[in-house]
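> Structure file run-v3.cif, mmCIF, C-alpha atoms, is pasted below:
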```cif
data_final
#
loop_
_atom_site.label_atom_id
_atom_site.label_comp_id
_atom_site.auth_asym_id
_atom_site.auth_seq_id
_atom_site.Cartn_x
_atom_site.Cartn_y
_atom_site.Cartn_z
CA MET A 22 150.66 111.15 133.77
CA LEU A 23 152.57 114.42 133.35
CA ASP A 24 155.09 113.12 130.81
CA PRO A 25 152.56 112.81 127.92
CA LEU A 26 151.42 116.38 128.58
CA ALA A 27 155.01 117.66 128.63
CA ARG A 28 155.75 115.85 125.35
CA ALA A 29 152.60 117.25 123.72
CA VAL A 30 153.58 120.79 124.74
CA GLY A 31 157.11 120.26 123.41
CA ARG A 32 155.84 119.00 120.06
CA HIS A 33 153.81 122.11 119.34
CA CYS A 34 155.54 125.01 121.10
CA GLU A 35 157.55 127.06 118.62
CA GLY A 36 159.99 129.12 120.65
CA ARG A 37 159.41 129.92 124.30
CA TRP A 38 155.75 130.93 123.90
CA SER A 39 153.29 129.89 121.23
CA GLU A 40 149.69 130.71 120.53
CA THR A 41 147.87 127.72 119.04
CA ALA A 42 144.99 126.88 116.73
CA VAL A 43 143.00 125.68 119.75
CA PRO A 44 140.97 128.63 121.09
CA ARG A 45 142.29 130.05 124.39
CA LEU A 46 145.27 127.63 124.48
CA SER A 47 148.90 128.80 124.57
CA LEU A 48 152.05 126.78 125.20
CA VAL A 49 155.31 127.55 126.97
CA ALA A 50 158.52 125.53 126.52
CA LEU A 51 161.95 126.43 127.86
CA ASP A 52 165.08 124.26 127.95
CA GLU A 53 167.60 126.71 129.43
CA PHE A 54 167.47 129.24 132.24
CA ILE A 55 166.79 132.84 131.22
CA GLU A 56 166.73 136.17 133.01
CA PRO A 57 163.62 136.91 135.11
CA MET A 58 160.98 138.54 132.92
CA GLN A 59 158.55 141.34 133.67
CA VAL A 60 155.32 140.43 131.93
CA MET A 61 151.64 141.29 132.03
CA TYR A 62 149.41 138.36 132.93
CA GLU A 63 145.77 138.19 131.94
CA PRO A 64 143.11 135.98 133.58
CA MET A 65 144.35 132.46 132.92
CA ILE A 66 145.30 129.08 134.35
CA CYS A 67 148.81 127.73 133.85
CA PHE A 68 149.15 123.92 133.97
CA ILE A 69 152.77 122.97 134.74
CA ALA A 70 153.80 119.67 133.13
CA ASP A 71 157.54 119.99 133.83
CA GLY A 72 159.95 122.35 135.57
CA ALA A 73 158.99 125.10 138.01
CA LYS A 74 158.35 128.84 137.92
CA ARG A 75 158.55 131.56 140.58
CA THR A 76 156.18 134.51 140.16
CA ALA A 77 156.19 137.80 142.09
CA ALA A 78 153.52 140.52 142.15
CA GLY A 79 153.82 143.40 144.58
CA ASP A 80 154.74 141.88 147.93
CA ARG A 81 153.47 138.40 146.95
CA THR A 82 155.65 135.54 145.66
CA TRP A 83 154.61 132.01 144.77
CA ILE A 84 156.25 128.98 143.14
CA THR A 85 154.38 126.63 140.82
CA PRO A 86 156.20 123.30 140.35
CA ARG A 87 155.61 120.31 138.09
CA GLY A 88 152.18 118.83 138.65
CA GLU A 89 150.55 122.02 139.93
CA MET A 90 148.46 124.78 138.35
CA ALA A 91 148.33 128.52 138.93
CA LEU A 92 145.15 130.55 138.54
CA ILE A 93 145.51 134.25 137.70
CA THR A 94 142.20 136.05 138.15
CA LEU A 95 142.95 139.53 136.76
CA ASP A 96 145.32 141.56 134.59
CA LEU A 97 148.47 141.60 136.70
CA PRO A 98 152.02 142.93 136.16
CA VAL A 99 154.43 140.28 137.47
CA THR A 100 158.06 139.20 137.47
CA ALA A 101 158.42 135.58 136.34
CA ALA A 102 161.57 133.52 136.93
CA PHE A 103 162.09 129.89 135.97
CA GLU A 104 163.29 127.81 138.92
CA LYS A 105 163.75 124.51 137.10
CA VAL A 106 164.16 123.54 133.45
CA PRO A 107 163.17 121.99 131.13
CA TYR A 108 159.91 123.84 131.62
CA ARG A 109 156.67 122.85 129.88
CA ALA A 110 153.26 124.40 130.48
CA ALA A 111 149.85 124.70 128.86
CA VAL A 112 148.03 127.98 129.46
CA MET A 113 144.24 128.42 129.31
CA ARG A 114 142.93 131.97 128.95
CA LEU A 115 139.76 132.28 130.99
CA ASP A 116 136.45 133.23 129.43
CA SER A 117 133.79 134.25 131.96
CA GLN A 118 130.89 133.24 129.71
CA GLU A 119 132.29 129.76 129.07
CA LEU A 120 132.94 129.29 132.78
CA ALA A 121 129.46 130.51 133.73
CA ALA A 122 127.86 128.13 131.23
CA VAL A 123 129.62 125.15 132.82
CA GLN A 124 128.89 126.41 136.32
CA MET A 125 125.15 126.47 135.58
CA GLU A 126 125.29 122.69 135.06
CA LEU A 127 126.62 122.07 138.56
CA ASP A 128 124.62 121.50 141.69
CA GLU A 129 125.81 124.32 143.95
CA ALA A 130 123.79 123.33 147.01
CA GLY A 131 125.93 123.53 150.11
CA SER A 132 128.74 125.34 148.34
CA PRO A 133 131.34 126.95 150.64
CA PRO A 134 131.24 130.67 151.47
CA PRO A 135 132.98 133.06 149.05
CA PRO A 136 136.78 133.09 149.45
CA ALA A 137 138.81 136.25 149.94
CA VAL A 138 139.51 138.17 146.75
CA THR A 139 142.83 136.98 145.34
CA ALA A 140 144.75 137.55 142.12
CA ALA A 141 146.61 134.23 142.17
CA VAL A 142 146.18 130.82 143.75
CA THR A 143 147.93 127.49 143.13
CA ALA A 144 146.81 123.89 143.60
CA PRO A 145 147.82 120.35 142.58
CA MET A 146 146.34 118.91 139.39
CA ALA A 147 144.22 115.79 139.81
CA PRO A 148 144.92 112.91 137.39
CA GLU A 149 141.55 113.41 135.67
CA LEU A 150 142.42 117.07 135.01
CA VAL A 151 145.88 116.20 133.68
CA ASP A 152 144.26 113.71 131.31
CA ALA A 153 141.78 116.30 130.01
CA VAL A 154 144.47 118.97 129.50
CA THR A 155 146.67 116.42 127.69
CA ARG A 156 143.82 115.58 125.32
CA TRP A 157 143.20 119.30 124.78
CA VAL A 158 146.81 119.97 123.79
CA SER A 159 146.98 116.75 121.73
CA LEU A 160 144.20 118.03 119.48
CA LEU A 161 147.04 119.93 117.77
CA ASP A 162 148.25 116.56 116.43
CA HIS A 163 145.02 116.31 114.43
CA PRO A 164 143.95 119.82 113.32
CA GLU A 165 140.75 118.50 111.77
CA ASP A 166 139.56 117.52 115.27
CA ILE A 167 140.02 120.97 116.80
CA ARG A 168 136.77 122.61 115.70
CA PRO A 169 134.37 119.81 116.77
CA LEU A 170 136.23 118.59 119.87
CA ALA A 171 138.05 121.56 121.41
CA PRO A 172 134.92 123.15 122.96
CA ARG A 173 133.93 119.83 124.49
CA VAL A 174 137.33 119.15 126.02
CA GLU A 175 137.54 122.75 127.26
CA SER A 176 134.16 122.35 128.99
CA GLU A 177 135.42 119.18 130.66
CA ILE A 178 138.52 121.02 131.90
CA LEU A 179 136.39 123.85 133.30
CA TYR A 180 134.12 121.31 134.99
CA ARG A 181 137.07 119.60 136.66
CA LEU A 182 138.52 122.97 137.67
CA LEU A 183 135.24 123.93 139.33
CA ARG A 184 135.41 120.64 141.25
CA SER A 185 139.04 121.28 142.20
CA PRO A 186 140.50 123.40 145.05
CA LEU A 187 140.35 126.32 142.61
CA GLY A 188 136.57 125.98 142.31
CA PRO A 189 135.52 128.54 144.96
CA VAL A 190 137.77 131.22 143.48
CA LEU A 191 136.59 130.48 139.94
CA ARG A 192 132.93 130.67 141.02
CA GLN A 193 133.48 134.12 142.49
CA TRP A 194 135.46 135.16 139.40
CA SER A 195 132.55 134.32 137.09
CA LEU A 196 129.84 136.12 139.11
CA ALA A 197 128.89 139.42 137.52
CA ASP A 198 128.85 141.57 140.66
CA SER A 199 131.10 139.78 143.13
CA ALA A 200 133.98 141.56 144.84
CA ALA A 201 136.35 139.47 142.70
CA SER A 202 134.71 140.61 139.47
CA ARG A 203 134.80 144.25 140.62
CA ILE A 204 138.51 144.05 141.37
CA ARG A 205 139.06 142.38 138.00
CA ARG A 206 137.13 145.20 136.32
CA VAL A 207 139.16 147.83 138.17
CA ALA A 208 142.46 146.20 137.23
CA ARG A 209 141.41 146.15 133.57
CA TRP A 210 140.30 149.79 133.80
CA ILE A 211 143.64 150.87 135.28
CA CYS A 212 145.42 149.00 132.47
CA ASP A 213 143.39 150.98 129.94
CA HIS A 214 144.07 154.33 131.67
CA TYR A 215 147.53 153.80 133.17
CA ALA A 216 149.03 156.88 131.45
CA GLU A 217 146.38 159.21 132.87
CA PRO A 218 146.53 160.93 136.27
CA LEU A 219 144.35 158.75 138.51
CA GLY A 220 143.13 159.24 142.05
CA ILE A 221 141.90 156.61 144.48
CA GLY A 222 138.46 158.23 144.55
CA GLU A 223 138.04 157.91 140.79
CA ILE A 224 139.17 154.29 140.86
CA ALA A 225 136.79 153.55 143.74
CA GLU A 226 133.88 154.86 141.65
CA VAL A 227 134.73 152.36 138.91
CA ALA A 228 134.72 149.55 141.49
CA ARG A 229 131.56 150.88 143.17
CA MET A 230 133.36 150.53 146.50
CA SER A 231 134.48 153.00 149.12
CA PRO A 232 138.17 153.98 148.81
CA ALA A 233 139.00 152.05 151.99
CA THR A 234 137.19 148.91 150.83
CA LEU A 235 138.78 149.12 147.39
CA HIS A 236 142.24 149.53 148.86
CA ARG A 237 141.74 146.55 151.19
CA HIS A 238 140.42 144.20 148.49
CA PHE A 239 142.89 145.35 145.83
CA LYS A 240 145.91 145.00 148.14
CA ALA A 241 144.72 141.58 149.30
CA ALA A 242 144.33 140.44 145.68
CA THR A 243 147.43 141.90 144.04
CA GLY A 244 149.90 142.59 146.82
CA MET A 245 149.93 146.29 145.95
CA SER A 246 147.71 149.36 146.13
CA PRO A 247 145.82 150.54 143.01
CA LEU A 248 148.22 153.45 142.52
CA LYS A 249 151.29 151.24 142.92
CA PHE A 250 149.68 148.88 140.40
CA GLN A 251 149.44 151.83 137.99
CA LYS A 252 153.10 152.69 138.60
CA HIS A 253 154.17 149.13 137.77
CA LEU A 254 152.22 149.32 134.51
CA ARG A 255 153.88 152.63 133.59
CA LEU A 256 157.37 151.33 134.28
CA GLN A 257 156.81 148.06 132.41
CA GLU A 258 155.54 149.93 129.35
CA ALA A 259 158.39 152.43 129.59
CA ARG A 260 160.92 149.59 129.64
CA ARG A 261 159.29 147.94 126.63
CA ARG A 262 159.35 151.19 124.63
CA LEU A 263 162.96 151.94 125.53
CA PHE A 264 164.02 148.46 124.49
CA ALA A 265 162.05 148.44 121.24
CA GLY A 266 162.45 151.94 119.86
CA ASP A 267 164.84 154.82 119.20
CA VAL A 268 163.36 157.12 121.85
CA THR A 269 164.73 159.10 124.75
CA ALA A 270 163.93 158.54 128.39
CA ALA A 271 162.21 161.93 128.52
CA GLN A 272 159.96 161.03 125.57
CA VAL A 273 159.03 157.70 127.14
CA ALA A 274 158.40 159.29 130.54
CA GLN A 275 155.88 161.66 129.00
CA ALA A 276 154.25 158.91 126.93
CA VAL A 277 153.55 156.72 129.96
CA GLY A 278 152.18 159.57 132.06
CA TYR A 279 155.05 161.04 134.07
CA VAL A 280 155.03 164.82 134.45
CA SER A 281 158.54 164.87 135.92
CA ALA A 282 161.41 163.20 134.04
CA THR A 283 163.42 163.29 137.27
CA GLN A 284 160.76 161.31 139.10
CA PHE A 285 160.59 158.84 136.22
CA ASN A 286 164.36 158.30 136.25
CA ARG A 287 164.36 157.84 140.02
CA GLU A 288 161.50 155.32 140.04
CA TYR A 289 162.84 153.49 137.01
CA ARG A 290 166.27 153.06 138.62
CA ARG A 291 164.70 151.90 141.87
CA GLU A 292 162.71 149.26 139.96
CA TYR A 293 165.35 147.99 137.52
CA GLY A 294 168.66 148.92 139.11
CA LEU A 295 169.96 151.16 136.30
CA PRO A 296 168.97 154.46 134.64
CA PRO A 297 166.55 153.98 131.71
CA GLY A 298 169.07 154.28 128.87
CA GLN A 299 171.63 151.98 130.48
CA ASP A 300 169.02 149.38 131.33
CA ALA A 301 167.70 149.31 127.75
CA GLN A 302 171.24 148.87 126.43
CA ARG A 303 171.85 146.05 128.89
CA LEU A 304 168.71 144.27 127.69
CA ARG A 305 169.74 144.63 124.03
CA THR A 306 173.22 143.28 124.76
CA ARG A 307 171.85 140.25 126.57
CA LEU A 308 169.44 139.51 123.75
CA THR A 309 172.27 139.74 121.18
CA GLU A 310 174.46 137.41 123.23
CA ALA A 311 171.62 134.91 123.61
CA ARG A 312 171.01 134.87 119.85
CA GLN A 313 174.71 134.38 119.08
CA MET A 314 175.30 131.61 121.59
CA PRO A 315 174.26 128.64 119.36
CA VAL A 316 176.55 129.95 116.61
CA LEU A 317 179.45 130.23 119.05
CA LEU A 318 178.87 126.70 120.27
CA ASP A 319 178.81 125.36 116.72
CA GLY A 320 181.98 127.23 115.87
CA SER A 321 183.82 125.77 118.86
CA GLY A 322 183.01 122.24 117.82
CA ALA A 323 180.72 121.64 120.79
CA LYS A 324 177.29 120.14 120.31
CA PRO A 325 174.54 122.78 120.03
#
```
Go through the file and emit its structure as structure tokens.

Amino acid sequence: MLDPLARAVGRHCEGRWSETAVPRLSLVALDEFIEPMQVMYEPMICFIADGAKRTAAGDRTWITPRGEMALITLDLPVTAAFEKVPYRAAVMRLDSQELAAVQMELDEAGSPPPPAVTAAVTAPMAPELVDAVTRWVSLLDHPEDIRPLAPRVESEILYRLLRSPLGPVLRQWSLADSAASRIRRVARWICDHYAEPLGIGEIAEVARMSPATLHRHFKAATGMSPLKFQKHLRLQEARRRLFAGDVTAAQVAQAVGYVSATQFNREYRREYGLPPGQDAQRLRTRLTEARQMPVLLDGSGAKP
């Protein structure tokens, strides 16, 4: 049942990543291996129709192969590496209100106790779920059907997810004052204030938890402490700015919240293996080579 979903993703994914006309649906298609990427995930579910991906966050690593799905419950800086290509995936961005509306229709009597707070969990996709996701993506073949049918198919997908092994985590995610929702709120708050000097006490107030409880739940969910989470955000944004713009390392360090340029250079090199300027140049060179490769293949007489 996965082949029709993989073909539907391939038909409509322009480039490696495509937003679509279907609300909350994005597509990923990759035919060749690429360098591991540092990206910022948002709450979402990734349905893998082909290939496999390895994801690392803090001290946590997980692999999602063909036929499985990965739930991300909060904003999370990760390193993503593709283990097997071709890779095809449909990505659903989670909406707490939509999920809560579907959850209200379920009979929750005898539901299991709340699971531990977690930022990511994987599980196999049942055939009924694969079928629903395939129909959701295939709405792109008939744009006139998207507006009347997309909400209905999305509700079916959410229903089947709540009945799946991901259900307990999703139920906690949608509750307004659960530990999971507090950690999600804290992660979003740190993302919004990453360039500011933050202390664990201030972050704990946002979570309405004691510092010790916050640290325990946050580390269990993300594989890192709140302050290490903030550091990852700073370094990711610094790398993006260095790659994209004509700025110095000192300017970027200040922009992302570092008081000491020396500390920034040291932490940047520890994270990426090179000083900031050299790393940005390496990234630009690799991008240029990747763009030129099809031209070189054509010029050599080989098939592109």
> Compile a residue-level contact table for segment 91-204 of chain A against segment 251-273 of chain A at a cut-off of 10 Å, reporting for every qualifying residue the shortest atom pair and its distance in Å to one decimal, with all atoms listed in the file counted, rows ordered by chain and ascending number, as a Markdown table.

```
| residue | atom | partner | partner_atom | distance |
| --- | --- | --- | --- | --- |
| A:Leu97 | CA | A:Leu254 | CA | 8.9 |
| A:Pro98 | CA | A:Leu254 | CA | 6.6 |
| A:Val99 | CA | A:His253 | CA | 8.9 |
```
> Please write as a list of chain:residue names the list of polymer residues whose atoms come within 8 Å of (146.3, 127.9, 142.1), counting all atoms listed in the file and keeping to the coordinates of the file.
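Those residues, ordered by chain and then number, are A:Ile66, A:Glu89, A:Met90, A:Ala91, A:Leu92, A:Ile93, A:Ala141, A:Val142, A:Thr143, A:Ala144, A:Pro145, A:Pro186, A:Leu187.
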> Take the selection from the previous step and output its residues with C-alpha atoms, as a PDB file, keeping the file's coordinate frame.

```pdb
ATOM      1  CA  ILE A  66     145.300 129.080 134.350  1.00  0.00           C
ATOM      2  CA  GLU A  89     150.550 122.020 139.930  1.00  0.00           C
ATOM      3  CA  MET A  90     148.460 124.780 138.350  1.00  0.00           C
ATOM      4  CA  ALA A  91     148.330 128.520 138.930  1.00  0.00           C
ATOM      5  CA  LEU A  92     145.150 130.550 138.540  1.00  0.00           C
ATOM      6  CA  ILE A  93     145.510 134.250 137.700  1.00  0.00           C
ATOM      7  CA  ALA A 141     146.610 134.230 142.170  1.00  0.00           C
ATOM      8  CA  VAL A 142     146.180 130.820 143.750  1.00  0.00           C
ATOM      9  CA  THR A 143     147.930 127.490 143.130  1.00  0.00           C
ATOM     10  CA  ALA A 144     146.810 123.890 143.600  1.00  0.00           C
ATOM     11  CA  PRO A 145     147.820 120.350 142.580  1.00  0.00           C
ATOM     12  CA  PRO A 186     140.500 123.400 145.050  1.00  0.00           C
ATOM     13  CA  LEU A 187     140.350 126.320 142.610  1.00  0.00           C
TER      14      LEU A 187
END
```
> Tell me, in Å to one decimal, how far atom CA of Ser231 of chain A is from atom CA of Lys249 of chain A.
18.0 Å
> Could you tell me which residues the PyMOL selection byres ((chain A and resi 211-215) around 9) returns for this structure, as a compact mmCIF listing (two decimals) with C-alpha atoms, in the frame of the given file?

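Dumped everything to expr-v9.txt:
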```
# COMPACT_ATOMS: atom_id res chain seq x y z
CA ASP A 96 145.32 141.56 134.59
CA ARG A 206 137.13 145.20 136.32
CA VAL A 207 139.16 147.83 138.17
CA ALA A 208 142.46 146.20 137.23
CA ARG A 209 141.41 146.15 133.57
CA TRP A 210 140.30 149.79 133.80
CA ALA A 216 149.03 156.88 131.45
CA GLU A 217 146.38 159.21 132.87
CA PRO A 218 146.53 160.93 136.27
CA LEU A 219 144.35 158.75 138.51
CA ILE A 224 139.17 154.29 140.86
CA PRO A 247 145.82 150.54 143.01
CA LEU A 248 148.22 153.45 142.52
CA PHE A 250 149.68 148.88 140.40
CA GLN A 251 149.44 151.83 137.99
CA LYS A 252 153.10 152.69 138.60
CA LEU A 254 152.22 149.32 134.51
CA ARG A 255 153.88 152.63 133.59
CA VAL A 277 153.55 156.72 129.96
CA GLY A 278 152.18 159.57 132.06
```
> What is the distance between atom CA of Ser195 of chain A and atom CA of Val227 of chain A, in Å to one decimal?
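One can read the atom CA of Ser195 of chain A to atom CA of Val227 of chain A distance as 18.3 Å.
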> From the set A:Ala101, A:Thr155, A:Leu161, A:Ala140, which residue has the shortest atom-to-atom contact distance to Pro44 of chain A, counting only C-alpha atoms?
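For Pro44 of chain A, the nearest of the given residues is A:Leu161.
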> Would you mind reading off the distance between atom CA of Met61 of chain A and atom CA of Leu150 of chain A, one decimal, in Å?
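A separation of 26.1 Å between them.
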> Taking the point (164.9, 119.0, 128.4) as given in the file, collect each protein or nucleic acid residue that comes within 7 Å of it, counting only C-alpha atoms, and present the set as a ChimeraX atom specification.
/A:52,106-107
> For this file, the PyMOL selection byres ((chain A and resi 122) around 12) selects which residues, as a PyMOL selection string?
chain A and resi 116-121+123-127+172+175-177+179-180+183+192+195-196
> Gln299 of chain A: which residues within 12 Å, counting only C-alpha atoms, same-chain residues fewer than 3 positions away excluded, as number ranges by chain?
A: 260, 263-264, 269-270, 286, 289-290, 293-296, 302-306
> Write out as an MDAnalysis selection string which residues come within 10 Å of Asp24 of chain A when counting all atoms listed in the file, dropping same-chain ones fewer than 5 positions away.
chainID A and resid 29:30 70:71 109 155
> Counting only C-alpha atoms, which of A:Arg114, A:Arg168, A:Arg28, A:Arg307 gets nearest to Leu95 of chain A?
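Closest to Leu95 of chain A, using only C-alpha atoms: A:Arg114.
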> Which residue, A:Leu308, A:Ala42, A:Val49, A:Ala242, has the smallest gap to Arg205 of chain A when you use all atoms listed in the file?
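The closest residue to Arg205 of chain A is A:Ala242.
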> If I only want segment 63-103 of chain A, can you write it with C-alpha atoms, as an mmCIF file, in the first residue's frame?

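Below you can see decode06.cif, which holds the result:
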```
data_model
loop_
_atom_site.group_PDB
_atom_site.id
_atom_site.type_symbol
_atom_site.label_atom_id
_atom_site.label_comp_id
_atom_site.auth_asym_id
_atom_site.auth_seq_id
_atom_site.Cartn_x
_atom_site.Cartn_y
_atom_site.Cartn_z
ATOM 1 C CA GLU A 63 7.704 22.109 14.495
ATOM 2 C CA PRO A 64 4.921 19.894 15.920
ATOM 3 C CA MET A 65 4.166 17.485 13.091
ATOM 4 C CA ILE A 66 3.832 13.886 11.957
ATOM 5 C CA CYS A 67 6.035 12.567 9.160
ATOM 6 C CA PHE A 68 4.615 9.602 7.196
ATOM 7 C CA ILE A 69 7.455 7.742 5.435
ATOM 8 C CA ALA A 70 6.352 6.147 2.156
ATOM 9 C CA ASP A 71 9.847 5.256 0.909
ATOM 10 C CA GLY A 72 13.462 5.440 2.082
ATOM 11 C CA ALA A 73 14.603 6.072 5.650
ATOM 12 C CA LYS A 74 15.745 9.023 7.757
ATOM 13 C CA ARG A 75 17.912 9.283 10.879
ATOM 14 C CA THR A 76 17.140 12.171 13.231
ATOM 15 C CA ALA A 77 19.201 13.360 16.208
ATOM 16 C CA ALA A 78 18.213 15.825 18.942
ATOM 17 C CA GLY A 79 20.471 16.332 21.929
ATOM 18 C CA ASP A 80 21.506 12.874 23.085
ATOM 19 C CA ARG A 81 18.579 11.165 21.321
ATOM 20 C CA THR A 82 18.736 9.477 17.896
ATOM 21 C CA TRP A 83 15.997 7.625 16.050
ATOM 22 C CA ILE A 84 15.528 6.133 12.581
ATOM 23 C CA THR A 85 12.219 6.235 10.727
ATOM 24 C CA PRO A 86 12.100 3.736 7.831
ATOM 25 C CA ARG A 87 9.588 3.094 5.062
ATOM 26 C CA GLY A 88 6.178 2.258 6.464
ATOM 27 C CA GLU A 89 6.627 4.090 9.765
ATOM 28 C CA MET A 90 5.678 7.539 11.067
ATOM 29 C CA ALA A 91 7.446 9.955 13.386
ATOM 30 C CA LEU A 92 5.575 12.298 15.722
ATOM 31 C CA ILE A 93 7.334 15.516 16.766
ATOM 32 C CA THR A 94 5.491 17.162 19.653
ATOM 33 C CA LEU A 95 7.310 20.500 19.996
ATOM 34 C CA ASP A 96 9.612 22.970 18.265
ATOM 35 C CA LEU A 97 12.894 21.071 18.178
ATOM 36 C CA PRO A 98 16.338 21.751 16.652
ATOM 37 C CA VAL A 99 17.533 18.503 15.056
ATOM 38 C CA THR A 100 20.094 17.039 12.685
ATOM 39 C CA ALA A 101 18.424 15.026 9.922
ATOM 40 C CA ALA A 102 20.312 12.542 7.725
ATOM 41 C CA PHE A 103 18.814 10.375 4.995
#
```
